[in-house]
>>> print(open('structure.pdb').read())   # PDB, C-alpha atoms
ATOM      1  CA  MET A   1     -24.755 -20.692 -50.822  1.00  0.00           C
ATOM      2  CA  ALA A   2     -27.781 -18.810 -49.671  1.00  0.00           C
ATOM      3  CA  GLY A   3     -27.163 -16.071 -47.148  1.00  0.00           C
ATOM      4  CA  SER A   4     -23.402 -16.033 -47.433  1.00  0.00           C
ATOM      5  CA  ASP A   5     -21.834 -12.947 -48.927  1.00  0.00           C
ATOM      6  CA  PRO A   6     -18.748 -13.650 -51.076  1.00  0.00           C
ATOM      7  CA  GLN A   7     -17.162 -10.403 -49.846  1.00  0.00           C
ATOM      8  CA  PRO A   8     -18.121  -9.611 -46.276  1.00  0.00           C
ATOM      9  CA  SER A   9     -18.393  -5.914 -45.523  1.00  0.00           C
ATOM     10  CA  ARG A  10     -15.457  -4.477 -43.640  1.00  0.00           C
ATOM     11  CA  ARG A  11     -16.441  -3.518 -40.136  1.00  0.00           C
ATOM     12  CA  PRO A  12     -14.488  -0.568 -38.765  1.00  0.00           C
ATOM     13  CA  LYS A  13     -12.322  -1.360 -35.785  1.00  0.00           C
ATOM     14  CA  PRO A  14     -12.858   0.761 -32.677  1.00  0.00           C
ATOM     15  CA  GLU A  15      -9.622   2.684 -33.355  1.00  0.00           C
ATOM     16  CA  ASP A  16     -10.803   3.379 -36.939  1.00  0.00           C
ATOM     17  CA  SER A  17     -14.022   5.094 -35.914  1.00  0.00           C
ATOM     18  CA  GLN A  18     -13.081   8.226 -34.049  1.00  0.00           C
ATOM     19  CA  ILE A  19     -15.896  10.711 -33.807  1.00  0.00           C
ATOM     20  CA  VAL A  20     -14.918  14.361 -33.998  1.00  0.00           C
ATOM     21  CA  HIS A  21     -17.407  16.964 -32.857  1.00  0.00           C
ATOM     22  CA  VAL A  22     -17.226  20.601 -33.936  1.00  0.00           C
ATOM     23  CA  LEU A  23     -19.803  23.151 -32.901  1.00  0.00           C
ATOM     24  CA  VAL A  24     -20.998  25.755 -35.395  1.00  0.00           C
ATOM     25  CA  ARG A  25     -21.699  28.952 -33.495  1.00  0.00           C
ATOM     26  CA  ASP A  26     -23.705  31.845 -34.949  1.00  0.00           C
ATOM     27  CA  ASN A  27     -23.775  30.172 -38.391  1.00  0.00           C
ATOM     28  CA  ASN A  28     -20.011  30.712 -38.631  1.00  0.00           C
ATOM     29  CA  VAL A  29     -19.101  27.727 -40.804  1.00  0.00           C
ATOM     30  CA  ASP A  30     -15.634  29.070 -41.642  1.00  0.00           C
ATOM     31  CA  GLN A  31     -14.640  29.087 -37.984  1.00  0.00           C
ATOM     32  CA  ALA A  32     -16.056  25.575 -37.494  1.00  0.00           C
ATOM     33  CA  LEU A  33     -14.183  24.311 -40.560  1.00  0.00           C
ATOM     34  CA  LYS A  34     -10.955  25.817 -39.245  1.00  0.00           C
ATOM     35  CA  ALA A  35     -11.509  24.085 -35.891  1.00  0.00           C
ATOM     36  CA  LEU A  36     -12.239  20.775 -37.658  1.00  0.00           C
ATOM     37  CA  LYS A  37      -9.058  20.983 -39.723  1.00  0.00           C
ATOM     38  CA  LYS A  38      -7.052  21.795 -36.607  1.00  0.00           C
ATOM     39  CA  LYS A  39      -8.470  18.764 -34.755  1.00  0.00           C
ATOM     40  CA  MET A  40      -7.825  16.484 -37.731  1.00  0.00           C
ATOM     41  CA  GLN A  41      -4.259  17.779 -38.042  1.00  0.00           C
ATOM     42  CA  ARG A  42      -3.662  17.197 -34.318  1.00  0.00           C
ATOM     43  CA  GLU A  43      -4.972  13.629 -34.541  1.00  0.00           C
ATOM     44  CA  GLY A  44      -2.864  12.854 -37.611  1.00  0.00           C
ATOM     45  CA  VAL A  45      -5.757  12.185 -40.004  1.00  0.00           C
ATOM     46  CA  PHE A  46      -4.151  13.998 -42.940  1.00  0.00           C
ATOM     47  CA  ARG A  47      -0.847  12.220 -42.415  1.00  0.00           C
ATOM     48  CA  GLU A  48      -2.618   8.861 -42.246  1.00  0.00           C
ATOM     49  CA  MET A  49      -4.512   9.591 -45.467  1.00  0.00           C
ATOM     50  CA  LYS A  50      -1.273  10.494 -47.219  1.00  0.00           C
ATOM     51  CA  LEU A  51       0.402   7.280 -46.044  1.00  0.00           C
ATOM     52  CA  ARG A  52      -2.523   5.132 -47.196  1.00  0.00           C
ATOM     53  CA  ARG A  53      -2.641   6.559 -50.729  1.00  0.00           C
ATOM     54  CA  ASN A  54      -0.044   4.058 -51.909  1.00  0.00           C
ATOM     55  CA  PHE A  55       1.035   0.683 -50.608  1.00  0.00           C
ATOM     56  CA  GLU A  56       4.102   0.811 -48.401  1.00  0.00           C
ATOM     57  CA  LYS A  57       6.347  -2.222 -48.267  1.00  0.00           C
ATOM     58  CA  PRO A  58       6.995  -3.526 -44.755  1.00  0.00           C
ATOM     59  CA  SER A  59      10.718  -2.780 -45.086  1.00  0.00           C
ATOM     60  CA  GLU A  60       9.939   0.825 -46.128  1.00  0.00           C
ATOM     61  CA  LYS A  61       7.501   1.179 -43.235  1.00  0.00           C
ATOM     62  CA  LYS A  62      10.108  -0.044 -40.763  1.00  0.00           C
ATOM     63  CA  ALA A  63      12.735   2.332 -42.165  1.00  0.00           C
ATOM     64  CA  ARG A  64      10.311   5.269 -42.020  1.00  0.00           C
ATOM     65  CA  GLU A  65       9.251   4.516 -38.462  1.00  0.00           C
ATOM     66  CA  THR A  66      12.889   4.139 -37.353  1.00  0.00           C
ATOM     67  CA  ALA A  67      13.773   7.478 -38.950  1.00  0.00           C
ATOM     68  CA  GLU A  68      10.793   9.137 -37.246  1.00  0.00           C
ATOM     69  CA  ALA A  69      11.863   7.733 -33.886  1.00  0.00           C
ATOM     70  CA  VAL A  70      15.401   9.056 -34.384  1.00  0.00           C
ATOM     71  CA  ARG A  71      14.015  12.491 -35.309  1.00  0.00           C
ATOM     72  CA  ARG A  72      11.779  12.546 -32.223  1.00  0.00           C
ATOM     73  CA  ALA A  73      14.674  11.533 -29.947  1.00  0.00           C
ATOM     74  CA  ARG A  74      16.956  14.233 -31.386  1.00  0.00           C
ATOM     75  CA  LYS A  75      14.244  16.852 -31.009  1.00  0.00           C
ATOM     76  CA  LEU A  76      13.642  15.881 -27.364  1.00  0.00           C
ATOM     77  CA  GLU A  77      17.388  15.993 -26.699  1.00  0.00           C
ATOM     78  CA  ARG A  78      17.656  19.471 -28.274  1.00  0.00           C
ATOM     79  CA  LYS A  79      14.763  20.715 -26.148  1.00  0.00           C
ATOM     80  CA  ARG A  80      16.279  19.187 -23.008  1.00  0.00           C
ATOM     81  CA  LEU A  81      19.651  20.841 -23.660  1.00  0.00           C
ATOM     82  CA  GLU A  82      17.927  24.139 -24.393  1.00  0.00           C
ATOM     83  CA  ARG A  83      16.035  23.973 -21.086  1.00  0.00           C
ATOM     84  CA  GLU A  84      19.227  23.178 -19.161  1.00  0.00           C
ATOM     85  CA  GLY A  85      21.044  26.094 -20.750  1.00  0.00           C
ATOM     86  CA  PHE A  86      23.724  24.318 -22.774  1.00  0.00           C
TER
END
>>> encode(input="structure.pdb", output="structure tokens")
Amino acid sequence: MAGSDPQPSRRPKPEDSQIVHVLVRDNNVDQALKALKKKMQREGVFREMKLRRNFEKPSEKKARETAEAVRRARKLERKRLEREGF
């Protein structure tokens, strides 16, 4: 088949291609690198990379996400009680 590629190239989805801009001021690369790492940490890039290292079964993914939701809810409840003075 002429013109057809047996393995089409994977096009990144819009949510996959997030552009991060970091300005380097006064040739201070260390400061720019620190800012880049901070932005990546905030956006969850490192966590995503860690999760994608190995395949995660759907049942494991569901259990992990449920546990994360429970943790978030407990944390919010603790903060709410702390604010109210209990």
>>> residues_around(input="structure.pdb", residues="segment 34-40 of chain A", least_positions_apart="5", cutoff="12 Å", atoms="only C-alpha atoms", output="PyMOL selection string")
chain A and resi 18-25+28-29+45-49
>>> atom_distance(input="structure.pdb", atom1="atom CA of Arg64 of chain A", atom2="atom CA of Leu51 of chain A")
10.9 Å
>>> atom_distance(input="structure.pdb", atom1="atom CA of Glu82 of chain A", atom2="atom CA of Ala67 of chain A")
22.5 Å
>>> axis_aligned_box(input="structure.pdb", around="segment 50-62 of chain A", padding_each_side="3 Å", output="lines of an AutoDock Vina configuration file")
center_x = 4.0
center_y = 3.5
center_z = -46.3
size_x = 19.4
size_y = 20.0
size_z = 17.1
>>> atom_distance(input="structure.pdb", atom1="atom CA of Asp30 of chain A", atom2="atom CA of Arg42 of chain A")
18.4 Å
>>> decode(input="structure.pdb", residues="segment 58-70 of chain A", atoms="all heavy atoms", output="short mmCIF file (atom, residue, chain, number, x, y, z; two decimals), in the first residue's frame")
data_model
loop_
_atom_site.label_atom_id
_atom_site.label_comp_id
_atom_site.auth_asym_id
_atom_site.auth_seq_id
_atom_site.Cartn_x
_atom_site.Cartn_y
_atom_site.Cartn_z
N PRO A 58 -6.58 -1.50 35.50
CA PRO A 58 -7.73 -0.63 35.77
C PRO A 58 -8.25 -0.76 37.20
O PRO A 58 -8.65 0.24 37.80
CB PRO A 58 -8.78 -1.11 34.76
CG PRO A 58 -7.99 -1.67 33.64
CD PRO A 58 -6.77 -2.28 34.28
N SER A 59 -8.23 -1.96 37.76
CA SER A 59 -8.71 -2.12 39.14
C SER A 59 -7.78 -1.40 40.12
O SER A 59 -8.23 -0.81 41.10
CB SER A 59 -8.80 -3.61 39.50
OG SER A 59 -7.53 -4.22 39.37
N GLU A 60 -6.46 -1.45 39.85
CA GLU A 60 -5.50 -0.75 40.72
C GLU A 60 -5.67 0.76 40.59
O GLU A 60 -5.59 1.50 41.58
CB GLU A 60 -4.07 -1.12 40.34
CG GLU A 60 -3.72 -2.55 40.66
CD GLU A 60 -2.36 -2.96 40.11
OE1 GLU A 60 -1.79 -2.21 39.28
OE2 GLU A 60 -1.87 -4.02 40.49
N LYS A 61 -5.94 1.22 39.37
CA LYS A 61 -6.13 2.65 39.14
C LYS A 61 -7.35 3.14 39.89
O LYS A 61 -7.33 4.19 40.55
CB LYS A 61 -6.30 2.91 37.64
CG LYS A 61 -6.47 4.36 37.28
CD LYS A 61 -6.57 4.55 35.79
CE LYS A 61 -6.76 6.01 35.44
NZ LYS A 61 -6.88 6.23 34.01
N LYS A 62 -8.43 2.37 39.83
CA LYS A 62 -9.66 2.75 40.52
C LYS A 62 -9.44 2.79 42.04
O LYS A 62 -9.88 3.73 42.71
CB LYS A 62 -10.76 1.75 40.18
CG LYS A 62 -12.11 2.10 40.75
CD LYS A 62 -13.17 1.11 40.31
CE LYS A 62 -14.52 1.43 40.91
NZ LYS A 62 -15.54 0.44 40.57
N ALA A 63 -8.72 1.79 42.56
CA ALA A 63 -8.46 1.75 44.00
C ALA A 63 -7.59 2.94 44.42
O ALA A 63 -7.84 3.57 45.46
CB ALA A 63 -7.77 0.45 44.38
N ARG A 64 -6.60 3.27 43.61
CA ARG A 64 -5.71 4.40 43.92
C ARG A 64 -6.48 5.71 43.90
O ARG A 64 -6.37 6.54 44.81
CB ARG A 64 -4.56 4.46 42.93
CG ARG A 64 -3.63 5.66 43.14
CD ARG A 64 -2.54 5.73 42.11
NE ARG A 64 -2.98 5.63 40.73
CZ ARG A 64 -3.51 6.64 40.02
NH1 ARG A 64 -3.67 7.82 40.57
NH2 ARG A 64 -3.88 6.47 38.77
N GLU A 65 -7.31 5.90 42.87
CA GLU A 65 -8.06 7.13 42.76
C GLU A 65 -9.07 7.27 43.90
O GLU A 65 -9.30 8.37 44.42
CB GLU A 65 -8.76 7.22 41.41
CG GLU A 65 -7.78 7.46 40.27
CD GLU A 65 -8.42 7.43 38.90
OE1 GLU A 65 -9.59 6.98 38.79
OE2 GLU A 65 -7.75 7.85 37.94
N THR A 66 -9.69 6.16 44.31
CA THR A 66 -10.64 6.19 45.43
C THR A 66 -9.91 6.57 46.71
O THR A 66 -10.39 7.40 47.49
CB THR A 66 -11.32 4.82 45.60
OG1 THR A 66 -11.96 4.47 44.37
CG2 THR A 66 -12.34 4.84 46.72
N ALA A 67 -8.73 5.98 46.93
CA ALA A 67 -7.95 6.29 48.13
C ALA A 67 -7.53 7.76 48.13
O ALA A 67 -7.56 8.43 49.18
CB ALA A 67 -6.73 5.39 48.21
N GLU A 68 -7.15 8.29 46.97
CA GLU A 68 -6.77 9.70 46.88
C GLU A 68 -7.95 10.60 47.20
O GLU A 68 -7.80 11.61 47.89
CB GLU A 68 -6.23 10.02 45.49
CG GLU A 68 -4.87 9.45 45.21
CD GLU A 68 -4.43 9.64 43.76
OE1 GLU A 68 -5.20 10.21 42.95
OE2 GLU A 68 -3.30 9.23 43.44
N ALA A 69 -9.13 10.23 46.72
CA ALA A 69 -10.32 11.03 46.98
C ALA A 69 -10.65 11.04 48.47
O ALA A 69 -11.01 12.08 49.04
CB ALA A 69 -11.50 10.50 46.18
N VAL A 70 -10.50 9.89 49.12
CA VAL A 70 -10.76 9.79 50.56
C VAL A 70 -9.77 10.67 51.32
O VAL A 70 -10.14 11.41 52.23
CB VAL A 70 -10.67 8.32 51.03
CG1 VAL A 70 -10.64 8.23 52.54
CG2 VAL A 70 -11.84 7.52 50.47
#
